[in-house]
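Enquirer: Before we start, here is the structure in question, set down as structure tokens.
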Amino acid sequence: MPDIQHGIEVIKCNVQIAPTAPGVYRMLDKNDKVLYVGKAKNIKKRIVAYTHFDKLADHIKRMVAEVDRMEFIVVENEAKALLMENDLIKKLEPKYNILLKDDKTFPHLMINPNEDFPALKKSRGARKDKSRYFGPFASATAVNNVMDIVQKTFQLRTCRDSVFLHRERPCMLYQIKRCSAPCVGKISREDYHKTVGEVISFLEGKSTNLQAELSARMEQASAEMDYETALLLRDKIRSLSSVQGGYNVEYVDLVSVDAVAVKKHKNMVCIQVFFVRGGQNGGNIPYFPKQATENTEEEILEAFLSTFYAEHAAPKEILVSHKLENADFLEKALNCKIGFYQKGNKAKIVERAKQNAEAAIERKLAETATVEANLYEMQKVFDLPRIPQRIEVYDNSHNQGSFAVGAMIVATPNGFDKKAYRTFNIKYTENTHDDFAMMKEVLVRRFERMSDENRPDVILLDGGLGQLHVVHEALKDYDLSGITIIAISKGPERNAGKEFYHIEGRESFALPFQSPIAFYMQNIRDEAHRFAIGTHRKKRAKSIYKSQIDDIEGIGAGRKRDLLNFFGSVEQIKAASLQDLMKVSGISKKIAEKIYNYFHN
């Protein structure tokens, strides 16, 4: 048993030497394993709290009892402390920290006002240029809805630059009044940029001010007898009025907020995030943190905000379901307001987020129960030594032997573990028409890198007895104890649900038609097939693309981009004359001759 008094003495000794500056502290056990990572505005004041042992929660008492050493890192401010804490938690996954699995990227709308005729685009992932970004939105559907409103109201272009630069007449979007056709000069650069400013105001939630400004401009245009401009402005005002009339009354006075609510229910924790931007509902998304059931809802919420907004840009205000002890620290670190409301529209939104969190828990529990039941049935049907915790499913894909790949997906009691998926470019199999040889290569390469942490309970092969025998022969020199290898082959007339299952030492058999376990086995097999096909297609597309441009001497990423922007496609580059190629910025006569000769010899 850990020595509680020893842990308290360790912390008391560290209080004497702890810095009074903002930073991060780490608690380690006698084996130098990190138990906990925390942040503080004043490290000394923060760790003093751990010496008041009687006031600590039970799980914190257990942590203090294990502490043998502490480490401190001083940083410039609260923001740096938050970022460093998040990095260390993700890297070390300490035993007593609340862990958030957050590998999501959210869609945004983006526009670059520095371009001559900026396009409104959807974006996901890193921000790499000087464009203005608006969001995030929880789903592609939410971002598409807002984009549709902007198109109807402001008629900005949405086409790719390569299309825009080579149009000779307006497209269909101009005919249905969804685009102002800057590609063919239907609108001046000056007027287009006025519209860009209007779009930015709208996406920033300033539609009321924008409507007043448009009304004033309409009256002025009318007074100057510029009736065409007045009519265009009138249509924009009507569209904006229509949009505002469709606002949810709970969102209409909100500019840029996230509503974050936490709920503990039936020994499970869910955090629900609602995105609201300029009166528009940007959707919502649930999170299920790990190692959180012993913490209070306030502690969970604070840990979530620290982790989530270290990775994602914070809005102007975050509405929260619980009053937070360290709200002032988070406000300084995130440069936003943390709002806790008990009445009004903001309180209603948070309450709705809390209700959604509870509903998400109920759904999660139902899904988990279904998977657990299927895994229990799988143990019985396939005579497994225990309920499987890791199932690896393998499949191959190729196109008449070309672009051959092997794929592995992983299924667990918590669903598909997509971070554990792997692809194998077939390197050593000379005859890539030979599925047996490819599967042998994939499994051998997988077993060469196997460790105790990623050792499977079940290996499922997409194939029949032949695949099964080949894999057993390939893995005969490896330790297969506790691992069951199953092959699944198509049934009569290749009907789904009538597959045969093959295990060494047993007669082949089929599962009861349309039984839950049959559906589960089909589902994980189909996921492997989907992943293998998708990987193969990406490899094929990349290879085709590369073989036509990247193999040309002197053509790097920059020149390739310029060529595609100018001509629009590889086919157009192939068809271009030498003189046309020389018109591209950065393409000299010598380079143009290399490109022309590559495609015509």
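Simple scheme: letters A, B, ... for chains in structure tokens order, numbers from 1 for residues in each chain, numbers from 1 for ligands in the order shown.
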Please provide the set of residues having any atom within 9 Å of Leu156 in chain A, restricted to only C-alpha atoms, with same-chain residues fewer than 4 positions apart removed, written as a list of chain:residue names.
Expert: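 My reading of the contact set: A:Phe117, A:Pro118, A:Ala119, A:Leu120, A:Val150, A:Gln151, A:Lys152, A:Arg178, A:Cys179, A:Ser180, A:Ala181, A:Pro182, A:Tyr192, A:Thr195, A:Val196, A:Val199.
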Enquirer: Kindly save the residues from that selection, with N, CA and C atoms included, as a compact mmCIF listing (two decimals), in the first residue's frame.
Expert:
```
# COMPACT_ATOMS: atom_id res chain seq x y z
N PHE A 117 -10.95 38.73 -56.81
CA PHE A 117 -12.35 38.30 -56.71
C PHE A 117 -12.40 37.08 -55.80
N PRO A 118 -12.41 37.30 -54.48
CA PRO A 118 -12.33 36.18 -53.54
C PRO A 118 -13.53 35.23 -53.67
N ALA A 119 -13.24 33.95 -53.49
CA ALA A 119 -14.30 32.94 -53.47
C ALA A 119 -14.59 32.55 -52.04
N LEU A 120 -15.84 32.23 -51.77
CA LEU A 120 -16.21 31.68 -50.47
C LEU A 120 -16.00 30.17 -50.54
N VAL A 150 -25.53 32.42 -47.85
CA VAL A 150 -24.63 33.45 -48.37
C VAL A 150 -24.71 33.52 -49.90
N GLN A 151 -24.78 32.36 -50.55
CA GLN A 151 -24.90 32.35 -52.00
C GLN A 151 -26.18 33.03 -52.47
N LYS A 152 -27.30 32.71 -51.83
CA LYS A 152 -28.58 33.29 -52.23
C LYS A 152 -28.60 34.80 -52.02
N ARG A 178 -27.35 32.97 -58.20
CA ARG A 178 -26.54 32.49 -57.08
C ARG A 178 -25.09 32.98 -57.20
N CYS A 179 -24.76 33.65 -58.27
CA CYS A 179 -23.40 34.16 -58.47
C CYS A 179 -23.48 35.42 -59.33
N SER A 180 -22.61 36.39 -59.03
CA SER A 180 -22.60 37.66 -59.78
C SER A 180 -21.71 37.62 -61.01
N ALA A 181 -21.15 36.46 -61.33
CA ALA A 181 -20.33 36.22 -62.53
C ALA A 181 -19.17 37.20 -62.68
N PRO A 182 -18.30 37.31 -61.68
CA PRO A 182 -17.12 38.16 -61.85
C PRO A 182 -16.15 37.59 -62.89
N TYR A 192 -17.62 44.13 -56.24
CA TYR A 192 -17.47 42.78 -55.70
C TYR A 192 -16.89 42.83 -54.29
N THR A 195 -19.33 43.69 -51.70
CA THR A 195 -20.12 42.50 -51.35
C THR A 195 -19.33 41.59 -50.40
N VAL A 196 -18.02 41.46 -50.64
CA VAL A 196 -17.18 40.65 -49.74
C VAL A 196 -17.24 41.22 -48.32
N VAL A 199 -20.47 40.18 -46.76
CA VAL A 199 -20.44 38.77 -46.35
C VAL A 199 -19.71 38.61 -45.02
```
Enquirer: Under the rule that only C-alpha atoms are counted, which of A:Met110, A:Val273, A:Val410, A:Met378 is the nearest residue to Phe519 in chain A?
Expert: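 Closest to Phe519 in chain A of all the choices is A:Met378.
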Enquirer: Per residue of range 69-97 of chain A within 9 Å of range 321-330 of chain A, note the shortest atom pair and the distance in Å to one decimal, counting only C-alpha atoms, and order the rows by chain and increasing residue number, as JSON lines.
Expert:
```
{"residue": "A:Glu78", "atom": "CA", "partner": "A:Phe329", "partner_atom": "CA", "distance": 6.6}
{"residue": "A:Ala79", "atom": "CA", "partner": "A:Leu330", "partner_atom": "CA", "distance": 8.2}
{"residue": "A:Leu82", "atom": "CA", "partner": "A:Leu330", "partner_atom": "CA", "distance": 8.4}
```
Enquirer: Those selected residues, please, written with N, CA and C atoms and delivered as a compact mmCIF listing (two decimals), in the first residue's frame.
Expert:
```
# COMPACT_ATOMS: atom_id res chain seq x y z
N GLU A 78 -0.66 32.54 -18.65
CA GLU A 78 -1.66 31.49 -18.51
C GLU A 78 -1.86 30.70 -19.81
N ALA A 79 -1.81 31.41 -20.94
CA ALA A 79 -2.02 30.74 -22.23
C ALA A 79 -0.95 29.69 -22.49
N LEU A 82 -1.56 26.65 -20.29
CA LEU A 82 -2.63 25.80 -20.79
C LEU A 82 -2.15 24.93 -21.95
```
Enquirer: For range 315-320 of chain A, work out the shell of residues within 10 Å, counting only C-alpha atoms and skipping chain neighbours fewer than 5 positions away, then give it as an MDAnalysis selection string.
Expert: chainID A and resid 135:136 254:262 273:277 298 301:302 305 309 331 334:341 346:347 349:351 353:354
Enquirer: Create the file for the chosen residues now, containing N, CA and C atoms and written as a tab-separated table (two decimals), in the first residue's frame.
Expert:
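Below is the file that was written, out_27.tsv:
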```tsv
chain	number	residue	atom	x	y	z
A	135	GLY	N	-16.38	30.14	-38.17
A	135	GLY	CA	-16.82	28.85	-37.65
A	135	GLY	C	-16.32	28.71	-36.22
A	136	PRO	N	-16.16	27.47	-35.74
A	136	PRO	CA	-16.35	26.23	-36.49
A	136	PRO	C	-17.82	25.83	-36.58
A	254	LEU	N	-27.13	36.35	-30.18
A	254	LEU	CA	-25.79	35.81	-29.96
A	254	LEU	C	-24.93	36.01	-31.19
A	255	VAL	N	-23.70	36.46	-30.99
A	255	VAL	CA	-22.80	36.72	-32.10
A	255	VAL	C	-21.86	35.54	-32.32
A	256	SER	N	-21.09	35.20	-31.31
A	256	SER	CA	-20.12	34.10	-31.45
A	256	SER	C	-19.96	33.44	-30.09
A	257	VAL	N	-20.67	32.33	-29.88
A	257	VAL	CA	-20.59	31.63	-28.59
A	257	VAL	C	-20.56	30.13	-28.82
A	258	ASP	N	-19.97	29.43	-27.85
A	258	ASP	CA	-20.11	27.98	-27.72
A	258	ASP	C	-20.82	27.72	-26.41
A	259	ALA	N	-21.75	26.80	-26.41
A	259	ALA	CA	-22.41	26.37	-25.17
A	259	ALA	C	-21.87	24.98	-24.82
A	260	VAL	N	-21.29	24.86	-23.64
A	260	VAL	CA	-20.64	23.60	-23.22
A	260	VAL	C	-21.29	23.12	-21.93
A	261	ALA	N	-21.84	21.91	-21.97
A	261	ALA	CA	-22.51	21.35	-20.79
A	261	ALA	C	-21.97	19.96	-20.51
A	262	VAL	N	-21.85	19.62	-19.24
A	262	VAL	CA	-21.37	18.30	-18.84
A	262	VAL	C	-22.46	17.61	-18.04
A	273	VAL	N	-21.14	20.05	-26.83
A	273	VAL	CA	-20.74	21.38	-27.28
A	273	VAL	C	-21.69	21.84	-28.38
A	274	PHE	N	-22.32	23.00	-28.18
A	274	PHE	CA	-23.16	23.64	-29.20
A	274	PHE	C	-22.40	24.83	-29.77
A	275	PHE	N	-22.36	24.94	-31.10
A	275	PHE	CA	-21.73	26.08	-31.76
A	275	PHE	C	-22.80	27.04	-32.27
A	276	VAL	N	-22.70	28.32	-31.91
A	276	VAL	CA	-23.62	29.34	-32.40
A	276	VAL	C	-22.79	30.48	-32.99
A	277	ARG	N	-23.07	30.82	-34.25
A	277	ARG	CA	-22.33	31.89	-34.90
A	277	ARG	C	-23.31	32.83	-35.60
A	298	GLU	N	-17.87	19.93	-12.29
A	298	GLU	CA	-17.10	21.16	-12.44
A	298	GLU	C	-15.65	20.86	-12.86
A	301	LEU	N	-15.62	19.68	-16.51
A	301	LEU	CA	-15.85	20.79	-17.44
A	301	LEU	C	-14.61	21.66	-17.59
A	302	GLU	N	-13.95	21.95	-16.48
A	302	GLU	CA	-12.74	22.78	-16.53
A	302	GLU	C	-11.63	22.08	-17.31
A	305	LEU	N	-12.48	22.24	-21.09
A	305	LEU	CA	-12.23	23.55	-21.70
A	305	LEU	C	-10.73	23.75	-21.95
A	309	TYR	N	-9.96	23.81	-26.04
A	309	TYR	CA	-9.63	25.12	-26.61
A	309	TYR	C	-8.12	25.36	-26.70
A	331	GLU	N	-10.23	32.44	-18.76
A	331	GLU	CA	-10.53	33.63	-19.55
A	331	GLU	C	-9.25	34.29	-20.06
A	334	LEU	N	-7.53	31.80	-22.65
A	334	LEU	CA	-8.24	31.62	-23.92
A	334	LEU	C	-8.62	32.93	-24.58
A	335	ASN	N	-8.44	34.05	-23.83
A	335	ASN	CA	-8.80	35.37	-24.34
A	335	ASN	C	-10.27	35.43	-24.75
A	336	CYS	N	-11.13	34.95	-23.88
A	336	CYS	CA	-12.56	35.00	-24.13
A	336	CYS	C	-13.29	35.04	-22.79
A	337	LYS	N	-14.60	35.25	-22.84
A	337	LYS	CA	-15.41	35.31	-21.63
A	337	LYS	C	-15.98	33.93	-21.33
A	338	ILE	N	-15.95	33.53	-20.05
A	338	ILE	CA	-16.59	32.29	-19.61
A	338	ILE	C	-17.89	32.69	-18.91
A	339	GLY	N	-19.03	32.38	-19.50
A	339	GLY	CA	-20.31	32.84	-18.97
A	339	GLY	C	-21.13	31.73	-18.33
A	340	PHE	N	-21.56	31.97	-17.08
A	340	PHE	CA	-22.46	31.04	-16.39
A	340	PHE	C	-23.76	31.79	-16.11
A	341	TYR	N	-24.87	31.33	-16.71
A	341	TYR	CA	-26.15	32.03	-16.60
A	341	TYR	C	-27.22	31.08	-16.07
A	346	LYS	N	-29.39	32.51	-22.98
A	346	LYS	CA	-28.11	31.81	-22.85
A	346	LYS	C	-28.23	30.60	-21.92
A	347	ALA	N	-29.01	30.77	-20.85
A	347	ALA	CA	-29.23	29.64	-19.94
A	347	ALA	C	-30.02	28.53	-20.63
A	349	ILE	N	-29.97	27.73	-23.82
A	349	ILE	CA	-29.09	26.99	-24.73
A	349	ILE	C	-28.24	25.98	-23.97
A	350	VAL	N	-27.70	26.41	-22.84
A	350	VAL	CA	-26.88	25.51	-22.03
A	350	VAL	C	-27.72	24.34	-21.52
A	351	GLU	N	-28.95	24.63	-21.12
A	351	GLU	CA	-29.84	23.57	-20.64
A	351	GLU	C	-30.12	22.56	-21.75
A	353	ALA	N	-28.10	21.90	-24.20
A	353	ALA	CA	-26.87	21.14	-24.35
A	353	ALA	C	-26.78	20.04	-23.29
A	354	LYS	N	-27.20	20.38	-22.06
A	354	LYS	CA	-27.17	19.39	-20.97
A	354	LYS	C	-28.12	18.23	-21.27
```
Enquirer: What residues in range 113-323 of chain A get the DSSP label strand (DSSP E)? Please answer as a PyMOL selection string.
Expert: chain A and resi 121-124+132-134+256-265+268-277+280-287+317-320
Enquirer: Write a file of the selected residues as an mmCIF file, in the first residue's frame, keeping C-alpha atoms.
Expert:
```cif
data_model
loop_
_atom_site.group_PDB
_atom_site.id
_atom_site.type_symbol
_atom_site.label_atom_id
_atom_site.label_comp_id
_atom_site.auth_asym_id
_atom_site.auth_seq_id
_atom_site.Cartn_x
_atom_site.Cartn_y
_atom_site.Cartn_z
ATOM 1 C CA LYS A 121 -14.823 28.228 -49.670
ATOM 2 C CA LYS A 122 -15.177 25.433 -47.159
ATOM 3 C CA SER A 123 -12.075 24.577 -45.150
ATOM 4 C CA ARG A 124 -11.102 21.861 -42.706
ATOM 5 C CA ARG A 132 -10.536 35.061 -42.911
ATOM 6 C CA TYR A 133 -12.076 32.007 -41.238
ATOM 7 C CA PHE A 134 -15.583 31.689 -39.817
ATOM 8 C CA SER A 256 -20.121 34.105 -31.446
ATOM 9 C CA VAL A 257 -20.591 31.632 -28.591
ATOM 10 C CA ASP A 258 -20.110 27.983 -27.720
ATOM 11 C CA ALA A 259 -22.407 26.366 -25.173
ATOM 12 C CA VAL A 260 -20.644 23.603 -23.222
ATOM 13 C CA ALA A 261 -22.513 21.348 -20.795
ATOM 14 C CA VAL A 262 -21.370 18.303 -18.841
ATOM 15 C CA LYS A 263 -23.554 15.501 -17.509
ATOM 16 C CA LYS A 264 -22.717 12.469 -15.360
ATOM 17 C CA HIS A 265 -25.331 9.751 -15.727
ATOM 18 C CA MET A 268 -20.770 7.650 -17.667
ATOM 19 C CA VAL A 269 -19.755 11.223 -18.515
ATOM 20 C CA CYS A 270 -20.695 13.187 -21.616
ATOM 21 C CA ILE A 271 -19.790 16.740 -22.613
ATOM 22 C CA GLN A 272 -21.962 18.379 -25.250
ATOM 23 C CA VAL A 273 -20.743 21.383 -27.281
ATOM 24 C CA PHE A 274 -23.163 23.636 -29.195
ATOM 25 C CA PHE A 275 -21.726 26.083 -31.756
ATOM 26 C CA VAL A 276 -23.621 29.344 -32.404
ATOM 27 C CA ARG A 277 -22.331 31.890 -34.901
ATOM 28 C CA GLN A 280 -27.028 30.553 -36.771
ATOM 29 C CA ASN A 281 -26.954 27.136 -35.141
ATOM 30 C CA GLY A 282 -23.623 25.617 -36.157
ATOM 31 C CA GLY A 283 -24.546 22.163 -34.839
ATOM 32 C CA ASN A 284 -23.466 20.212 -31.781
ATOM 33 C CA ILE A 285 -21.134 17.362 -30.949
ATOM 34 C CA PRO A 286 -20.681 15.024 -27.920
ATOM 35 C CA TYR A 287 -17.458 13.986 -26.169
ATOM 36 C CA GLU A 317 -17.847 33.769 -25.173
ATOM 37 C CA ILE A 318 -18.163 30.221 -23.839
ATOM 38 C CA LEU A 319 -21.418 29.467 -22.021
ATOM 39 C CA VAL A 320 -20.957 26.785 -19.365
#
```
Enquirer: If you measure from CA of Thr20 in chain A to CA of Ile43 in chain A, what distance in Å do you get, rounded to one decimal?
Expert: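 That distance, rounded to one decimal, is 5.5 Å.
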Enquirer: Residues of range 362-410 of chain A in helix (DSSP H, G or I) according to DSSP, as an NGL selection string?
Expert: :A and (362-381)
Enquirer: I need the residues from that last selection saved to file as an mmCIF file, in the first residue's frame (with C-alpha atoms), if you can.
Expert:
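Done, and the output landed in again_38.cif:
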```cif
data_model
loop_
_atom_site.group_PDB
_atom_site.id
_atom_site.type_symbol
_atom_site.label_atom_id
_atom_site.label_comp_id
_atom_site.auth_asym_id
_atom_site.auth_seq_id
_atom_site.Cartn_x
_atom_site.Cartn_y
_atom_site.Cartn_z
ATOM 1 C CA GLU A 362 -28.340 6.793 -23.150
ATOM 2 C CA ARG A 363 -27.505 6.125 -26.808
ATOM 3 C CA LYS A 364 -23.895 5.284 -25.939
ATOM 4 C CA LEU A 365 -24.989 2.836 -23.254
ATOM 5 C CA ALA A 366 -27.387 1.149 -25.684
ATOM 6 C CA GLU A 367 -24.689 0.866 -28.371
ATOM 7 C CA THR A 368 -22.147 -0.456 -25.875
ATOM 8 C CA ALA A 369 -24.610 -3.054 -24.588
ATOM 9 C CA THR A 370 -25.247 -4.229 -28.171
ATOM 10 C CA VAL A 371 -21.532 -4.569 -28.967
ATOM 11 C CA GLU A 372 -20.875 -6.335 -25.660
ATOM 12 C CA ALA A 373 -23.701 -8.780 -26.392
ATOM 13 C CA ASN A 374 -22.254 -9.481 -29.858
ATOM 14 C CA LEU A 375 -18.751 -10.026 -28.450
ATOM 15 C CA TYR A 376 -20.126 -12.380 -25.800
ATOM 16 C CA GLU A 377 -21.967 -14.313 -28.512
ATOM 17 C CA MET A 378 -18.809 -14.314 -30.629
ATOM 18 C CA GLN A 379 -16.881 -15.901 -27.758
ATOM 19 C CA LYS A 380 -19.436 -18.722 -27.557
ATOM 20 C CA VAL A 381 -19.859 -19.330 -31.293
#
```
